[in-house]
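Chemist: Structure provided below as structure tokens; questions to follow.
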Protein chains: 2
Amino acid sequence: MQNSNLYNLRNFSGGPGVLPQCVLQQLSEEIINVPEMNLSLLGISHRSDWFANVVVELEQRFLQLLNLSADEYKVLFLQGGATQQFAQIPYYFYDYNKQAKPEYIVSGYWSRLAFVEAQNIISNNHKIQNPINKIWDGENIKFEHLPSQNDIVCNDNAAYLHYISNETVEGLQFNFIPNENSKNPNLLRIIDMSSDLLSRPIEANKFGIIYAHAQKNLGPAGITVIIIRKNLYENKQNLGWCSAFDYYKQAEKNSIYNTPPVFAIYTTLLVLRWMQNEIGNLQNMEKINNQKAALLYNVLDEIYQQNQFYIPQVPEKYKESRSIMNVSFHLQNAEITQKFLQQAEQQAKLFGLKGHRSLGGIRASIYNAMPLKSVELLADFLRDFWNKNK
Amino acid sequence: MQNSNLYNLRNFSGGPGVLPQCVLQQLSEEIINVPEMNLSLLGISHRSDWFANVVVELEQRFLQLLNLSADEYKVLFLQGGATQQFAQIPYYFYDYNKQAKPEYIVSGYWSRLAFVEAQNIISNNHKIQNPINKIWDGENIKFEHLPSQNDIVCNDNAAYLHYISNETVEGLQFNFIPNENSKNPNLLRIIDMSSDLLSRPIEANKFGIIYAHAQKNLGPAGITVIIIRKNLYENKQNLGWCSAFDYYKQAEKNSIYNTPPVFAIYTTLLVLRWMQNEIGNLQNMEKINNQKAALLYNVLDEIYQQNQFYIPQVPEKYKESRSIMNVSFHLQNAEITQKFLQQAEQQAKLFGLKGHRSLGGIRASIYNAMPLKSVELLADFLRDFWNKNK
């Protein structure tokens with residue numbers, strides 16, 4: 001049996017993200033035997049005390065890292081991905097009688113999908129047209145940058161404000177909380193942090209719901225983390241949606257209303273243990289992530305200034321919009337892009353660098369568990385490939 | 001690193017079911033490295049060719065085992081568990097304009113939940129009362145047996161007929177297809193086979209939808225298999241539900257509309273490979289499962305006749321309703337039940353025998369991968385414990 005694989009740590013794929021080697025090692029062993037239970041991880045019942053403790057510990061670690069109180073917030077672990085939340089949120093938080101529209105920021109590929117899904121859900125369930133205020137749309141600027149604080153003006157009676165903190169395709173990341181100085185102190189902010197939750201500190205208590213699928217920074221595909229203010233679901237079962245996703249029912253049962261994906265939840269716990277034991281806190285995590293991102297952007301900008309060999313998706317002049325999770329850029333044509341990808345894999349052993357199918361080009365995703373060392377190798381390869389092909 | 005754990009094969013839990021030892025072994029290795037990809041299983045992209053092939057092979061194996069044509073049927077792998085389907089099916093297949101009610105058989109704990117969920121979904125979305133025909137309810141006979149063929153009479157214009165083939169709590173399993181000789185040849189039969197899909201042959205083409213969560217006979221929790229007749233979704237997007245669960249959208253994308261749980265799907269493939277390579281077909285699987293069930297029921301009936309020390313949940317006179325997957329029985333009181341469970345674990349090393357929380361008592365779940373040898377040990381223990389305590 002192979003005990004490690006160096007290449008796991010050189011996987012720049014947009015998702016799934018790299019998982020720490022120690023987590024993979026422990027999973028490999030516990031697929032056969034979890035010592036406390038003397039059973040395979042896959043044989044342990046979700047109704048066992050052991051698993052109940054896994055959920056409790058995982059919830060505590062999320063609240064601790066985000067500096068949230070368990071009196072005010074609940075953490076749920078549900079299935080269906082962020083796409084499920086795209087649909088459920090408008091179903092839950094749109095109230096036909098109040099005539100208050102949800103507001104969406106469309107800042108890239110994923111937030112456009114969230115907007116379209118919400119529009120379909122509300123239109124079809126309430127037989128109305130244009131039920132949503134799109135308060136910003138970056139499509140006409142080809143998603144080259146994000147809005148500024150002044151661009152975002154919410155209506156006082158908005159049902160809620162939805163946005164995505166980090167767009168993985170374009171490599172755009174919010175560095176401020178939209179509508180932070182809203183005249184409406186009760187504005188319900190709902191944020192999809194699928195690709196940057198726990199990558200840096202946030203003022204989590206400014207949000208009603210923070211949700212994130214696990215497969216970037218948190219764990220494997222198959223589980224979605226929902227951090228929700230308790231007063232948003234207390235005594236509010238929504239019987240027209242599905243019980244397996246009902247915030248109230250799942251909160252009441254600590255995410256075990258129906259059978260949860262034990263493997264994915266446990267893996268996420270191992271990742272959070274790694275983070276708290278090895279990295280410490282989100283301030284430290286941010287420092288490391290900033291350092292990794294700077295390594296790549298510096299090379300890209302430097303070479304761009306010389307001969308535009310690499311073209312960053314988000315130009316240097318908009319660097320406050322640049323993502324520290326996903327660094328997207330282009331080469332001059334498809335041929336040289338192909339050559340780049342091939343040599344990256346075959347010569348430098350750097351994998352998963354192909355850009356998203358909707359945008360093409362190159363994308364280096366450098367989530368939490370991507371080691372600085374691997375990013376240094378990529379920066380070296382960027383220079384090297386340029387030198388040989390400029 | 002431990003390479004095997006004998007006790008994994010003595011886990012009689014109601015779910016998750018036992019997985020073959022060879023599957024656990026391969027997973028343990030591939031969590032570190034999948035040889036064809038030179039990456040951790042958890043690092044492989046769901047957009048890779050490798051994973052597309054996993055899905056294709058898995059679909060083919062299901063169709064092959066069930067003797068279904070790929071022209072007529074599609075196999076989807078979705079999240080949310082059977083509970084998600086409990087909600088989605090009425091949302092999709094109830095048509096308010098047609099005034100045709102869905103029909104439900106309530107034969108135990110789980111089918112009652114399916115019925116309640118469907119009632120809530122339709123009532124709340126269409127603002128109507130009692131939208132469902134409950135055509136049989138075993139509650140007043142305490143779910144001691146199933147209906148007979150003559151008990152089931154569907155309306156000619158039923159929206160669909162829903163039932164659950166095997167009730168894991170009570171240990172009841174259908175041995176016939178309800179309303180098989182219906183005057184309505186187009187009756188849409190929808191069956192939840194979460195706990196007995198691939199445990200024996202069925203006439204699969206009598207069903208419009210066969211669905212099953214994986215965590216009994218098929219794989220780990222986190223994935224639901226949906227075998228659906230293509231004409232039920234073709235050109236029928238349902239925009240009021242969630243895109244991640246839309247049969248049409250997921251079929252079009254081969255279950256990769258949004259990020260699927262790669263680990264759970266791949267594990268299911270390994271289980272089906274094991275089944276086809278080691279067992280061969282469903283006829284063989286049924287023989288083995290019948291043999292295992294007979295071992296336990298024979299001991300229980302024999303001892304019941306002598307002094308009612310063990311009381312089968314489904315009496316011998318209703319043996320045509322007995323499940324070959326879940327053998328439920330009771331002892332005289334809580335004290336002796338506790339003693340039984342304790343000695344089973346500590347002395348005989350037989351685990352997971354505690355009955356479902358709603359019914360108490362003892363339950364031996366003997367899914368596909370539970371070895372005959374382990375069931376023999378349990379049969380021996382049943383005799384032994386009786387001898388010492390009768």
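Here, A, B, ... name the chains of the structure tokens in the order displayed, residue numbers run from 1 inside each chain, and ligands are numbered from 1 in the same displayed order.
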Please report as a list of chain:residue names which residues of chain B come no farther than 6 Å from chain A, using only C-alpha atoms.
Modeler: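 Taking only C-alpha atoms into account, B:Asn8, B:Pro16, B:Ser28, B:Ile31, B:Leu39, B:Gly43, B:Gln79, B:Gly80, B:Ala87, B:Asn120, B:Ile121, B:Asn124, B:Asn125, B:Ala221, B:Gly222, B:Leu239, B:Gly240, B:Cys242, B:Pro261 sit within 6 Å of chain A.
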Chemist: Could you pull out all residues of stretch 37-272 of chain A with a DSSP call of helix (DSSP H, G or I) and give them as a VMD selection string?
Modeler: chain A and resid 41 to 43 49 to 66 81 to 93 96 to 98 109 to 126 139 to 141 149 to 151 204 to 206 230 to 232 243 to 245 247 to 252 262 to 272
Chemist: Using atom CA of A:Phe77 and atom CA of A:Arg273 as the two end points, give the distance in Å to one decimal.
Modeler: 16.7 Å
Chemist: List the neighbours of stretch 162-176 of chain A out to 6 Å using only C-alpha atoms; skip same-chain residues closer than 4 positions along the sequence, and give me the result as a PyMOL selection string.
Modeler: chain A and resi 104-105+108+111+190-193+321-323+326-328+356
Chemist: Just the selected residues (all heavy atoms), exported as a short mmCIF file (atom, residue, chain, number, x, y, z; two decimals), in the first residue's frame, please.
Modeler:
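again-v8.cif, freshly written:
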data_model
loop_
_atom_site.label_atom_id
_atom_site.label_comp_id
_atom_site.auth_asym_id
_atom_site.auth_seq_id
_atom_site.Cartn_x
_atom_site.Cartn_y
_atom_site.Cartn_z
N TYR A 104 -30.06 40.61 -5.80
CA TYR A 104 -28.91 39.76 -6.15
C TYR A 104 -27.82 40.60 -6.81
O TYR A 104 -28.10 41.43 -7.67
CB TYR A 104 -29.34 38.63 -7.10
CG TYR A 104 -29.94 37.44 -6.38
CD1 TYR A 104 -31.16 37.55 -5.71
CD2 TYR A 104 -29.28 36.22 -6.34
CE1 TYR A 104 -31.70 36.46 -5.03
CE2 TYR A 104 -29.81 35.12 -5.67
CZ TYR A 104 -31.02 35.25 -5.01
OH TYR A 104 -31.55 34.17 -4.34
N ILE A 105 -26.59 40.30 -6.40
CA ILE A 105 -25.43 40.84 -7.12
C ILE A 105 -24.94 39.76 -8.07
O ILE A 105 -24.66 38.64 -7.63
CB ILE A 105 -24.30 41.22 -6.14
CG1 ILE A 105 -24.77 42.31 -5.17
CG2 ILE A 105 -23.05 41.68 -6.90
CD1 ILE A 105 -23.76 42.64 -4.07
N GLY A 108 -20.33 37.20 -11.46
CA GLY A 108 -19.56 36.22 -12.22
C GLY A 108 -20.42 35.01 -12.55
O GLY A 108 -21.65 35.02 -12.37
N SER A 111 -22.61 33.47 -9.51
CA SER A 111 -23.70 34.29 -8.97
C SER A 111 -24.77 34.51 -10.04
O SER A 111 -25.94 34.72 -9.72
CB SER A 111 -23.19 35.62 -8.42
OG SER A 111 -22.39 36.30 -9.35
N ILE A 190 -27.29 37.23 2.77
CA ILE A 190 -27.05 35.80 2.56
C ILE A 190 -25.87 35.68 1.62
O ILE A 190 -25.87 36.24 0.52
CB ILE A 190 -28.30 35.12 1.96
CG1 ILE A 190 -29.47 35.24 2.95
CG2 ILE A 190 -28.01 33.66 1.63
CD1 ILE A 190 -30.77 34.61 2.45
N ILE A 191 -24.86 34.96 2.06
CA ILE A 191 -23.63 34.90 1.27
C ILE A 191 -23.23 33.46 0.98
O ILE A 191 -23.25 32.60 1.86
CB ILE A 191 -22.48 35.66 2.00
CG1 ILE A 191 -21.22 35.71 1.14
CG2 ILE A 191 -22.18 35.05 3.35
CD1 ILE A 191 -20.13 36.62 1.71
N ASP A 192 -22.91 33.21 -0.27
CA ASP A 192 -22.35 31.93 -0.68
C ASP A 192 -20.84 32.05 -0.59
O ASP A 192 -20.22 32.80 -1.34
CB ASP A 192 -22.79 31.62 -2.12
CG ASP A 192 -22.15 30.34 -2.67
OD1 ASP A 192 -21.27 29.76 -2.00
OD2 ASP A 192 -22.53 29.94 -3.78
N MET A 193 -20.26 31.34 0.37
CA MET A 193 -18.80 31.34 0.53
C MET A 193 -18.21 29.98 0.19
O MET A 193 -17.25 29.52 0.81
CB MET A 193 -18.42 31.75 1.96
CG MET A 193 -18.84 33.15 2.34
SD MET A 193 -18.04 33.73 3.86
CE MET A 193 -16.36 34.06 3.27
N SER A 321 -10.11 43.62 -6.56
CA SER A 321 -11.12 42.60 -6.85
C SER A 321 -10.53 41.21 -7.02
O SER A 321 -11.26 40.24 -7.22
CB SER A 321 -11.86 42.95 -8.16
OG SER A 321 -12.69 44.07 -8.00
N ARG A 322 -9.22 41.11 -6.97
CA ARG A 322 -8.59 39.82 -7.26
C ARG A 322 -8.77 38.79 -6.14
O ARG A 322 -8.65 39.12 -4.97
CB ARG A 322 -7.09 40.01 -7.52
CG ARG A 322 -6.80 40.51 -8.91
CD ARG A 322 -5.29 40.72 -9.05
NE ARG A 322 -4.93 40.93 -10.44
CZ ARG A 322 -3.71 41.26 -10.83
NH1 ARG A 322 -2.72 41.40 -9.94
NH2 ARG A 322 -3.45 41.44 -12.12
N SER A 323 -8.98 37.58 -6.56
CA SER A 323 -9.18 36.48 -5.61
C SER A 323 -7.85 35.95 -5.11
O SER A 323 -6.90 35.81 -5.88
CB SER A 323 -9.95 35.36 -6.30
OG SER A 323 -9.94 34.21 -5.49
N ASN A 326 -8.39 31.83 -6.41
CA ASN A 326 -8.33 31.38 -7.80
C ASN A 326 -7.65 32.45 -8.65
O ASN A 326 -8.14 33.57 -8.73
CB ASN A 326 -9.73 31.14 -8.36
CG ASN A 326 -10.59 30.30 -7.43
OD1 ASN A 326 -11.30 30.85 -6.59
ND2 ASN A 326 -10.50 29.00 -7.54
N VAL A 327 -6.54 32.09 -9.24
CA VAL A 327 -5.79 33.03 -10.08
C VAL A 327 -5.99 32.61 -11.53
O VAL A 327 -5.45 31.60 -11.98
CB VAL A 327 -4.29 33.00 -9.69
CG1 VAL A 327 -3.50 33.96 -10.58
CG2 VAL A 327 -4.11 33.33 -8.21
N SER A 328 -6.82 33.38 -12.25
CA SER A 328 -7.15 33.05 -13.64
C SER A 328 -6.36 33.95 -14.58
O SER A 328 -6.24 35.14 -14.35
CB SER A 328 -8.65 33.27 -13.91
OG SER A 328 -9.41 32.27 -13.29
N HIS A 356 -11.69 27.10 -16.32
CA HIS A 356 -13.08 26.61 -16.32
C HIS A 356 -13.60 26.54 -17.75
O HIS A 356 -13.27 27.38 -18.59
CB HIS A 356 -13.95 27.56 -15.49
CG HIS A 356 -15.35 27.06 -15.27
ND1 HIS A 356 -16.40 27.42 -16.07
CD2 HIS A 356 -15.85 26.21 -14.34
CE1 HIS A 356 -17.52 26.83 -15.64
NE2 HIS A 356 -17.21 26.09 -14.58
#
Chemist: If you count only C-alpha atoms, which residues fall within 12 Å of A:Ala294, apart from same-chain ones fewer than 2 positions away, as a PyMOL selection string?
Modeler: chain A and resi 286-292+296-302+316+319+322-327+366+372+375-376+379
Chemist: Generate a file of the selected residues that holds C-alpha atoms, formatted as a PDB file, in the first residue's frame.
Modeler:
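Written output follows (out04.pdb):
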ATOM      1  CA  GLU A 286      -5.128  34.613   5.525  1.00  0.00           C
ATOM      2  CA  LYS A 287      -1.444  35.471   5.796  1.00  0.00           C
ATOM      3  CA  ILE A 288      -0.476  32.219   4.119  1.00  0.00           C
ATOM      4  CA  ASN A 289      -3.149  32.583   1.445  1.00  0.00           C
ATOM      5  CA  ASN A 290      -2.124  36.181   0.710  1.00  0.00           C
ATOM      6  CA  GLN A 291       1.460  35.103   0.371  1.00  0.00           C
ATOM      7  CA  LYS A 292       0.576  32.322  -2.082  1.00  0.00           C
ATOM      8  CA  LEU A 296       1.510  34.255  -8.662  1.00  0.00           C
ATOM      9  CA  TYR A 297       0.057  37.705  -9.305  1.00  0.00           C
ATOM     10  CA  ASN A 298       3.525  39.277  -9.020  1.00  0.00           C
ATOM     11  CA  VAL A 299       4.964  37.024 -11.713  1.00  0.00           C
ATOM     12  CA  LEU A 300       1.911  37.465 -13.946  1.00  0.00           C
ATOM     13  CA  ASP A 301       1.941  41.281 -13.647  1.00  0.00           C
ATOM     14  CA  GLU A 302       5.670  41.545 -14.143  1.00  0.00           C
ATOM     15  CA  GLU A 316      -3.716  44.812 -12.143  1.00  0.00           C
ATOM     16  CA  LYS A 319      -6.376  44.294  -7.995  1.00  0.00           C
ATOM     17  CA  ARG A 322      -8.589  39.820  -7.264  1.00  0.00           C
ATOM     18  CA  SER A 323      -9.181  36.483  -5.610  1.00  0.00           C
ATOM     19  CA  ILE A 324      -6.606  34.944  -3.315  1.00  0.00           C
ATOM     20  CA  MET A 325      -8.204  31.546  -3.993  1.00  0.00           C
ATOM     21  CA  ASN A 326      -8.326  31.383  -7.803  1.00  0.00           C
ATOM     22  CA  VAL A 327      -5.785  33.028 -10.076  1.00  0.00           C
ATOM     23  CA  ILE A 366      -4.766  27.723  -4.339  1.00  0.00           C
ATOM     24  CA  LEU A 372       3.295  27.369  -0.352  1.00  0.00           C
ATOM     25  CA  VAL A 375       2.804  27.577  -5.449  1.00  0.00           C
ATOM     26  CA  GLU A 376       6.496  28.423  -5.574  1.00  0.00           C
ATOM     27  CA  ALA A 379       5.673  30.574 -10.020  1.00  0.00           C
TER      28      ALA A 379
END
Chemist: Just asking: which residues within stretch 79-280 of chain B are strand (DSSP E or B) according to DSSP, as a ChimeraX atom specification?
Modeler: /B:103-106,133-137,161-164,166-167,172-173,189-192,209-213,224-229
Chemist: Quick one, how far is atom CA of A:Asn235 from atom CA of A:Asp71?
Modeler: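 Atom-to-atom, atom CA of A:Asn235 and atom CA of A:Asp71 are spaced 15.7 Å apart.
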Chemist: Just the number, please: distance in Å from atom CA of B:Ile265 to atom CA of B:Val54, one decimal.
Modeler: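 Straight-line distance from atom CA of B:Ile265 to atom CA of B:Val54 works out to 8.0 Å.
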Chemist: Show which residues sit within 7 Å of B:Lys230, as number ranges by chain. Count only C-alpha atoms, and ignore same-chain residues fewer than 2 positions away.
Modeler: B: 72-74, 228, 232-234
Chemist: Set the distance at 12 Å and use only C-alpha atoms: which residues neighbour A:Gln347 once local chain neighbours fewer than 3 positions away are removed? I'd like the list as a list in words.
Modeler: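 Here the qualifying residues turn out to be Lys339, Phe340, Leu341, Gln342, Gln343, Ala344, Leu350, Phe351, Leu377, Leu378, Phe381, Asp384 and Phe385 of chain A.
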Chemist: In terms of the shortest atom-to-atom distance over only C-alpha atoms, which of B:Glu59, B:Asp380, B:Glu335, B:Glu139 is closest to B:Leu269?
Modeler: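 Among the listed residues, B:Glu59 lies closest to B:Leu269.
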Chemist: Please identify all polymer residues within 9 Å of A:Ser199, counting only C-alpha atoms, omitting same-chain residues fewer than 2 positions from it, and present them as a ChimeraX atom specification.
Modeler: /A:195-197,201,217,282-283,285-286,289,324-325,367-368
Chemist: Write the selection just made, keeping N, CA and C atoms, as a PDB file, in the first residue's frame?
Modeler:
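Result saved to selection-v6.pdb:
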ATOM      1  N   SER A 195     -16.300  28.933  -1.955  1.00  0.00           N
ATOM      2  CA  SER A 195     -14.888  28.803  -2.319  1.00  0.00           C
ATOM      3  C   SER A 195     -13.944  29.616  -1.441  1.00  0.00           C
ATOM      4  N   ASP A 196     -14.469  30.282  -0.403  1.00  0.00           N
ATOM      5  CA  ASP A 196     -13.498  30.966   0.470  1.00  0.00           C
ATOM      6  C   ASP A 196     -13.853  30.963   1.950  1.00  0.00           C
ATOM      7  N   LEU A 197     -14.824  30.167   2.345  1.00  0.00           N
ATOM      8  CA  LEU A 197     -15.107  30.086   3.776  1.00  0.00           C
ATOM      9  C   LEU A 197     -13.895  29.506   4.507  1.00  0.00           C
ATOM     10  N   PRO A 201     -10.380  35.805   7.824  1.00  0.00           N
ATOM     11  CA  PRO A 201     -11.419  36.234   8.784  1.00  0.00           C
ATOM     12  C   PRO A 201     -12.534  36.982   8.063  1.00  0.00           C
ATOM     13  N   ASN A 217     -12.298  24.360   0.419  1.00  0.00           N
ATOM     14  CA  ASN A 217     -11.416  24.524   1.575  1.00  0.00           C
ATOM     15  C   ASN A 217     -11.757  23.624   2.748  1.00  0.00           C
ATOM     16  N   LEU A 282      -7.902  32.067  11.617  1.00  0.00           N
ATOM     17  CA  LEU A 282      -8.119  32.572  10.254  1.00  0.00           C
ATOM     18  C   LEU A 282      -7.166  33.711   9.891  1.00  0.00           C
ATOM     19  N   GLN A 283      -6.664  34.408  10.898  1.00  0.00           N
ATOM     20  CA  GLN A 283      -5.662  35.444  10.619  1.00  0.00           C
ATOM     21  C   GLN A 283      -4.406  34.796  10.014  1.00  0.00           C
ATOM     22  N   MET A 285      -4.289  31.886   8.562  1.00  0.00           N
ATOM     23  CA  MET A 285      -4.641  31.283   7.272  1.00  0.00           C
ATOM     24  C   MET A 285      -4.601  32.350   6.183  1.00  0.00           C
ATOM     25  N   GLU A 286      -5.117  33.525   6.507  1.00  0.00           N
ATOM     26  CA  GLU A 286      -5.128  34.613   5.525  1.00  0.00           C
ATOM     27  C   GLU A 286      -3.714  35.025   5.118  1.00  0.00           C
ATOM     28  N   ASN A 289      -2.446  32.502   2.730  1.00  0.00           N
ATOM     29  CA  ASN A 289      -3.149  32.583   1.445  1.00  0.00           C
ATOM     30  C   ASN A 289      -2.757  33.838   0.662  1.00  0.00           C
ATOM     31  N   ILE A 324      -7.802  35.633  -3.825  1.00  0.00           N
ATOM     32  CA  ILE A 324      -6.606  34.944  -3.315  1.00  0.00           C
ATOM     33  C   ILE A 324      -6.800  33.419  -3.355  1.00  0.00           C
ATOM     34  N   MET A 325      -7.922  32.988  -3.886  1.00  0.00           N
ATOM     35  CA  MET A 325      -8.204  31.546  -3.993  1.00  0.00           C
ATOM     36  C   MET A 325      -7.989  31.027  -5.416  1.00  0.00           C
ATOM     37  N   TYR A 367      -6.336  26.802  -2.781  1.00  0.00           N
ATOM     38  CA  TYR A 367      -7.142  26.782  -1.563  1.00  0.00           C
ATOM     39  C   TYR A 367      -6.262  26.535  -0.336  1.00  0.00           C
ATOM     40  N   ASN A 368      -6.907  26.586   0.824  1.00  0.00           N
ATOM     41  CA  ASN A 368      -6.184  26.532   2.107  1.00  0.00           C
ATOM     42  C   ASN A 368      -5.063  25.500   2.179  1.00  0.00           C
TER      43      ASN A 368
END
